[in-house]
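Visitor: Structure supplied as my_file_39.pdb; contents: PDB, C-alpha atoms.
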ATOM      1  CA  MET U   1    -141.269 -50.541  40.136  1.00  0.00           C
ATOM      2  CA  GLU U   2    -140.540 -52.053  43.530  1.00  0.00           C
ATOM      3  CA  THR U   3    -137.656 -53.739  45.327  1.00  0.00           C
ATOM      4  CA  ARG U   4    -138.197 -56.596  47.754  1.00  0.00           C
ATOM      5  CA  ASN U   5    -135.808 -59.349  48.867  1.00  0.00           C
ATOM      6  CA  TRP U   6    -133.031 -58.030  46.610  1.00  0.00           C
ATOM      7  CA  ARG U   7    -135.310 -58.189  43.554  1.00  0.00           C
ATOM      8  CA  ILE U   8    -136.392 -55.277  41.399  1.00  0.00           C
ATOM      9  CA  THR U   9    -139.789 -55.986  39.880  1.00  0.00           C
ATOM     10  CA  SER U  10    -141.139 -53.769  37.151  1.00  0.00           C
ATOM     11  CA  GLU U  11    -144.254 -54.076  35.053  1.00  0.00           C
ATOM     12  CA  ARG U  12    -144.511 -52.084  31.869  1.00  0.00           C
ATOM     13  CA  VAL U  13    -147.998 -51.372  30.547  1.00  0.00           C
ATOM     14  CA  GLY U  14    -148.507 -49.232  27.481  1.00  0.00           C
ATOM     15  CA  SER U  15    -145.942 -47.613  25.255  1.00  0.00           C
ATOM     16  CA  VAL U  16    -142.203 -47.680  25.918  1.00  0.00           C
ATOM     17  CA  ASP U  17    -139.909 -45.376  23.957  1.00  0.00           C
ATOM     18  CA  TRP U  18    -136.174 -44.696  24.066  1.00  0.00           C
ATOM     19  CA  GLN U  19    -136.528 -42.139  26.875  1.00  0.00           C
ATOM     20  CA  ASP U  20    -138.616 -44.561  28.974  1.00  0.00           C
ATOM     21  CA  ALA U  21    -135.960 -47.246  28.520  1.00  0.00           C
ATOM     22  CA  MET U  22    -133.153 -44.894  29.574  1.00  0.00           C
ATOM     23  CA  GLU U  23    -135.086 -43.769  32.661  1.00  0.00           C
ATOM     24  CA  SER U  24    -135.757 -47.402  33.617  1.00  0.00           C
ATOM     25  CA  PHE U  25    -132.074 -48.300  33.248  1.00  0.00           C
ATOM     26  CA  ALA U  26    -131.098 -45.388  35.486  1.00  0.00           C
ATOM     27  CA  LEU U  27    -133.651 -46.530  38.073  1.00  0.00           C
ATOM     28  CA  TYR U  28    -132.407 -50.131  37.931  1.00  0.00           C
ATOM     29  CA  ALA U  29    -128.801 -48.989  38.395  1.00  0.00           C
ATOM     30  CA  ALA U  30    -129.767 -46.769  41.345  1.00  0.00           C
ATOM     31  CA  LEU U  31    -131.776 -49.532  43.023  1.00  0.00           C
ATOM     32  CA  VAL U  32    -128.924 -52.002  42.583  1.00  0.00           C
ATOM     33  CA  GLU U  33    -126.522 -49.538  44.156  1.00  0.00           C
ATOM     34  CA  ASP U  34    -128.788 -48.111  46.879  1.00  0.00           C
ATOM     35  CA  GLU U  35    -130.723 -51.220  47.900  1.00  0.00           C
ATOM     36  CA  GLY U  36    -128.353 -54.016  46.922  1.00  0.00           C
ATOM     37  CA  ALA U  37    -130.735 -55.581  44.409  1.00  0.00           C
ATOM     38  CA  ARG U  38    -129.345 -58.720  42.778  1.00  0.00           C
ATOM     39  CA  GLU U  39    -132.224 -59.615  40.469  1.00  0.00           C
ATOM     40  CA  VAL U  40    -134.438 -57.833  37.970  1.00  0.00           C
ATOM     41  CA  LEU U  41    -137.797 -59.154  36.854  1.00  0.00           C
ATOM     42  CA  MET U  42    -139.108 -57.138  33.911  1.00  0.00           C
ATOM     43  CA  ASN U  43    -142.728 -57.934  33.145  1.00  0.00           C
ATOM     44  CA  MET U  44    -143.083 -56.641  29.608  1.00  0.00           C
ATOM     45  CA  SER U  45    -146.252 -58.609  28.774  1.00  0.00           C
ATOM     46  CA  GLY U  46    -148.381 -55.458  28.553  1.00  0.00           C
ATOM     47  CA  ALA U  47    -145.769 -53.258  26.895  1.00  0.00           C
ATOM     48  CA  GLU U  48    -145.987 -51.698  23.476  1.00  0.00           C
ATOM     49  CA  ILE U  49    -142.380 -51.075  22.503  1.00  0.00           C
ATOM     50  CA  LEU U  50    -141.907 -48.057  20.265  1.00  0.00           C
ATOM     51  CA  ILE U  51    -138.203 -48.708  19.677  1.00  0.00           C
ATOM     52  CA  SER U  52    -136.907 -50.535  16.608  1.00  0.00           C
ATOM     53  CA  HIS U  53    -135.416 -53.951  17.291  1.00  0.00           C
ATOM     54  CA  SER U  54    -132.308 -52.728  15.443  1.00  0.00           C
ATOM     55  CA  GLU U  55    -131.659 -50.432  18.426  1.00  0.00           C
ATOM     56  CA  ALA U  56    -131.952 -53.251  20.978  1.00  0.00           C
ATOM     57  CA  PRO U  57    -128.229 -54.211  20.936  1.00  0.00           C
ATOM     58  CA  GLU U  58    -127.175 -50.658  21.800  1.00  0.00           C
ATOM     59  CA  LEU U  59    -129.709 -50.456  24.635  1.00  0.00           C
ATOM     60  CA  ALA U  60    -128.615 -53.862  25.951  1.00  0.00           C
ATOM     61  CA  ARG U  61    -124.965 -52.769  25.980  1.00  0.00           C
ATOM     62  CA  MET U  62    -125.935 -49.590  27.853  1.00  0.00           C
ATOM     63  CA  PHE U  63    -127.905 -51.664  30.378  1.00  0.00           C
ATOM     64  CA  ALA U  64    -124.942 -54.024  30.818  1.00  0.00           C
ATOM     65  CA  ARG U  65    -122.583 -51.098  31.439  1.00  0.00           C
ATOM     66  CA  GLU U  66    -124.885 -49.546  34.044  1.00  0.00           C
ATOM     67  CA  THR U  67    -125.506 -52.703  36.095  1.00  0.00           C
ATOM     68  CA  PRO U  68    -123.193 -55.231  37.780  1.00  0.00           C
ATOM     69  CA  PRO U  69    -122.367 -58.441  35.887  1.00  0.00           C
ATOM     70  CA  THR U  70    -123.785 -60.543  38.733  1.00  0.00           C
ATOM     71  CA  LEU U  71    -127.296 -59.136  38.274  1.00  0.00           C
ATOM     72  CA  ALA U  72    -129.727 -61.917  37.249  1.00  0.00           C
ATOM     73  CA  ILE U  73    -132.358 -60.755  34.767  1.00  0.00           C
ATOM     74  CA  ALA U  74    -135.692 -62.381  33.882  1.00  0.00           C
ATOM     75  CA  ILE U  75    -137.916 -60.833  31.243  1.00  0.00           C
ATOM     76  CA  VAL U  76    -141.532 -61.726  30.488  1.00  0.00           C
ATOM     77  CA  ARG U  77    -142.068 -61.527  26.745  1.00  0.00           C
ATOM     78  CA  PRO U  78    -144.487 -58.886  25.388  1.00  0.00           C
ATOM     79  CA  SER U  79    -147.740 -60.316  24.049  1.00  0.00           C
ATOM     80  CA  HIS U  80    -147.375 -58.630  20.628  1.00  0.00           C
ATOM     81  CA  SER U  81    -144.914 -60.294  18.248  1.00  0.00           C
ATOM     82  CA  ASN U  82    -143.449 -56.996  16.989  1.00  0.00           C
ATOM     83  CA  ASP U  83    -142.665 -55.948  20.560  1.00  0.00           C
ATOM     84  CA  ALA U  84    -141.345 -59.427  21.374  1.00  0.00           C
ATOM     85  CA  ARG U  85    -138.683 -59.142  18.639  1.00  0.00           C
ATOM     86  CA  PHE U  86    -137.141 -56.122  20.353  1.00  0.00           C
ATOM     87  CA  ILE U  87    -136.975 -58.018  23.666  1.00  0.00           C
ATOM     88  CA  GLU U  88    -135.519 -61.117  21.970  1.00  0.00           C
ATOM     89  CA  VAL U  89    -132.695 -59.069  20.434  1.00  0.00           C
ATOM     90  CA  PHE U  90    -132.158 -57.216  23.732  1.00  0.00           C
ATOM     91  CA  THR U  91    -131.903 -60.545  25.589  1.00  0.00           C
ATOM     92  CA  GLU U  92    -129.541 -62.064  23.008  1.00  0.00           C
ATOM     93  CA  GLU U  93    -127.208 -59.097  23.343  1.00  0.00           C
ATOM     94  CA  LEU U  94    -127.211 -59.340  27.143  1.00  0.00           C
ATOM     95  CA  ARG U  95    -126.283 -63.038  26.832  1.00  0.00           C
ATOM     96  CA  ARG U  96    -123.412 -62.121  24.511  1.00  0.00           C
ATOM     97  CA  ALA U  97    -122.243 -59.727  27.231  1.00  0.00           C
ATOM     98  CA  GLY U  98    -122.081 -62.711  29.608  1.00  0.00           C
ATOM     99  CA  ARG U  99    -125.184 -61.825  31.587  1.00  0.00           C
ATOM    100  CA  ILE U 100    -127.471 -64.257  33.397  1.00  0.00           C
ATOM    101  CA  VAL U 101    -130.695 -63.560  31.543  1.00  0.00           C
ATOM    102  CA  GLY U 102    -133.835 -65.441  30.613  1.00  0.00           C
ATOM    103  CA  LEU U 103    -136.818 -64.660  28.415  1.00  0.00           C
ATOM    104  CA  PHE U 104    -140.132 -66.223  29.461  1.00  0.00           C
ATOM    105  CA  GLU U 105    -143.778 -66.465  28.468  1.00  0.00           C
ATOM    106  CA  THR U 106    -145.165 -66.099  31.996  1.00  0.00           C
ATOM    107  CA  LEU U 107    -144.412 -64.305  35.218  1.00  0.00           C
ATOM    108  CA  ALA U 108    -144.319 -67.659  37.061  1.00  0.00           C
ATOM    109  CA  GLU U 109    -141.577 -68.972  34.742  1.00  0.00           C
ATOM    110  CA  ALA U 110    -139.534 -65.800  35.196  1.00  0.00           C
ATOM    111  CA  ASP U 111    -139.930 -65.988  38.965  1.00  0.00           C
ATOM    112  CA  ALA U 112    -138.859 -69.661  39.011  1.00  0.00           C
ATOM    113  CA  PHE U 113    -135.763 -68.811  36.948  1.00  0.00           C
ATOM    114  CA  LEU U 114    -134.693 -66.101  39.390  1.00  0.00           C
ATOM    115  CA  LEU U 115    -135.346 -68.342  42.389  1.00  0.00           C
ATOM    116  CA  ALA U 116    -133.198 -71.065  40.808  1.00  0.00           C
ATOM    117  CA  GLN U 117    -130.418 -68.539  40.179  1.00  0.00           C
ATOM    118  CA  ARG U 118    -130.621 -67.393  43.793  1.00  0.00           C
ATOM    119  CA  GLN U 119    -130.452 -70.979  45.106  1.00  0.00           C
ATOM    120  CA  GLU U 120    -127.488 -71.814  42.884  1.00  0.00           C
ATOM    121  CA  GLY U 121    -125.700 -68.707  44.079  1.00  0.00           C
ATOM    122  CA  ALA U 122    -126.392 -69.589  47.716  1.00  0.00           C
ATOM    123  CA  ALA U 123    -125.038 -73.100  47.133  1.00  0.00           C
ATOM    124  CA  GLY U 124    -121.809 -71.624  45.758  1.00  0.00           C
ATOM    125  CA  GLU U 125    -122.415 -73.104  42.314  1.00  0.00           C
ATOM    126  CA  PRO U 126    -121.878 -70.997  39.245  1.00  0.00           C
ATOM    127  CA  ALA U 127    -125.111 -69.543  37.971  1.00  0.00           C
ATOM    128  CA  ALA U 128    -126.571 -71.039  34.823  1.00  0.00           C
ATOM    129  CA  PRO U 129    -126.005 -68.917  31.716  1.00  0.00           C
ATOM    130  CA  GLY U 130    -129.666 -68.800  30.765  1.00  0.00           C
ATOM    131  CA  PRO U 131    -133.058 -70.467  30.660  1.00  0.00           C
ATOM    132  CA  LEU U 132    -131.880 -73.524  28.714  1.00  0.00           C
ATOM    133  CA  ALA U 133    -129.353 -74.481  31.394  1.00  0.00           C
ATOM    134  CA  TRP U 134    -131.975 -73.765  34.043  1.00  0.00           C
ATOM    135  CA  LEU U 135    -134.486 -76.027  32.279  1.00  0.00           C
ATOM    136  CA  LYS U 136    -131.900 -78.823  31.888  1.00  0.00           C
ATOM    137  CA  LYS U 137    -131.083 -78.621  35.584  1.00  0.00           C
ATOM    138  CA  LEU U 138    -134.793 -78.672  36.461  1.00  0.00           C
ATOM    139  CA  ILE U 139    -135.398 -81.767  34.305  1.00  0.00           C
ATOM    140  CA  ALA U 140    -132.300 -83.531  35.620  1.00  0.00           C
ATOM    141  CA  GLY U 141    -133.600 -83.041  39.151  1.00  0.00           C
TER     142      GLY U 141
END
Reformat the file's structure so that it appears as structure tokens.

Guide:
Amino acid sequence: METRNWRITSERVGSVDWQDAMESFALYAALVEDEGAREVLMNMSGAEILISHSEAPELARMFARETPPTLAIAIVRPSHSNDARFIEVFTEELRRAGRIVGLFETLAEADAFLLAQRQEGAAGEPAAPGPLAWLKKLIAG
């Protein structure tokens, strides 16, 4: 996990259980507070998630409570479909909590989403509520 230019970037490889998730959330919260991070890019493409997707809403609510509502979040989808379902539910719950969050197939897409959010914020425009709004804005020019 690293922080650069107000972005926390983490890459998960291998298994992720409940304890790993809780430790990551605590780290994200600390980095937001200590270093002023405004974005999180979670590369989960190599992760094997050992947590049931039924527990994803609770973890998403915990993450939302521990981080500021202005934090933009981009997540790269795990390559395994079972692991992807957990991340999909997690992302859906964050959206319901009003978070700026996107779920992407590639690191480049996730990076572009966060850059677009940063540019919109700098322009004083409200941030798009997710990847669909971001894609519409990109297509519209």

Visitor: Mind telling me what the PyMOL selection byres ((chain U and resi 54) around 10) catches here, as an MDAnalysis selection string?

Guide: chainID U and resid 51:53 55:59 85:86 89:90

Visitor: Have a look at U:Val32, U:Ile87, U:Met1, U:Leu50 and name the one nearest to Leu71 in chain U; count all atoms listed in the file.

Guide: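 Among U:Val32, U:Ile87, U:Met1, U:Leu50, it is U:Val32 that comes nearest to Leu71 in chain U.
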
Visitor: Could you check which of U:Thr3, U:Gln117, U:Ser10, U:Thr106 is closest to Ser79 in chain U, using all atoms listed in the file?

Guide: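 Counting all atoms listed in the file, the residue closest to Ser79 in chain U is U:Thr106.
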
Visitor: Find the residue from U:Asn43, U:Ser15, U:Ser24, U:Asn5 that sits nearest to Ala110 in chain U; use all atoms listed in the file when measuring.

Guide: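 Result for the nearest residue to Ala110 in chain U: U:Asn43.
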
Visitor: Which residues, written as a list in words, have at least one atom at most 7 Å from Arg12 in chain U, with all atoms listed in the file counted and residues fewer than 4 positions away on the same chain left out?

Guide: Asn43, Met44, Gly46 and Ala47 of chain U

Visitor: Using only C-alpha atoms, please write the residues we just selected to a file, as a PDB file, in the coordinates of the input.

Guide:
ATOM      1  CA  ASN U  43    -142.728 -57.934  33.145  1.00  0.00           C
ATOM      2  CA  MET U  44    -143.083 -56.641  29.608  1.00  0.00           C
ATOM      3  CA  GLY U  46    -148.381 -55.458  28.553  1.00  0.00           C
ATOM      4  CA  ALA U  47    -145.769 -53.258  26.895  1.00  0.00           C
TER       5      ALA U  47
END

Visitor: If the PyMOL selection byres ((chain U and resi 28) around 10) were run on this exact file, what residues would it hold? Put them as a VMD selection string.

Guide: chain U and resid 1 3 8 to 10 22 to 27 29 to 34 37 39 to 40 63 66 to 67

Visitor: Tell me, in Å to one decimal, how far CA of Phe113 in chain U is from CA of Trp18 in chain U.

Guide: 27.3 Å

Visitor: Running the PyMOL selection byres ((chain U and resi 95-103) around 8) on this model by hand, what would come out? Give it as a list in words.

Guide: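 What the PyMOL selection byres ((chain U and resi 95-103) around 8) grabs from the file is Arg61, Ala64, Pro69, Thr70, Leu71, Ala72, Ile73, Ala74, Ile75, Val76, Arg77, Glu88, Thr91, Glu92, Glu93, Leu94, Phe104, Glu105, Ala110, Phe113, Ala127, Ala128, Pro129, Gly130 and Pro131 of chain U.
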
Visitor: Figure out the distance between CA of Glu48 in chain U and CA of Pro68 in chain U, please, to one decimal in Å.

Guide: 27.1 Å

Visitor: Quick one: distance from CA of Leu114 in chain U to CA of Met42 in chain U in Å, one decimal?

Guide: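 Interatomic distance, CA of Leu114 in chain U to CA of Met42 in chain U: 11.4 Å.
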
Visitor: For Asp20 in chain U, which of U:Ile49, U:Glu2, U:Arg38, U:Ala116 is the closest residue, counting all atoms listed in the file?

Guide: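 Looking at the shortest contact to Asp20 in chain U, the residue is U:Ile49.
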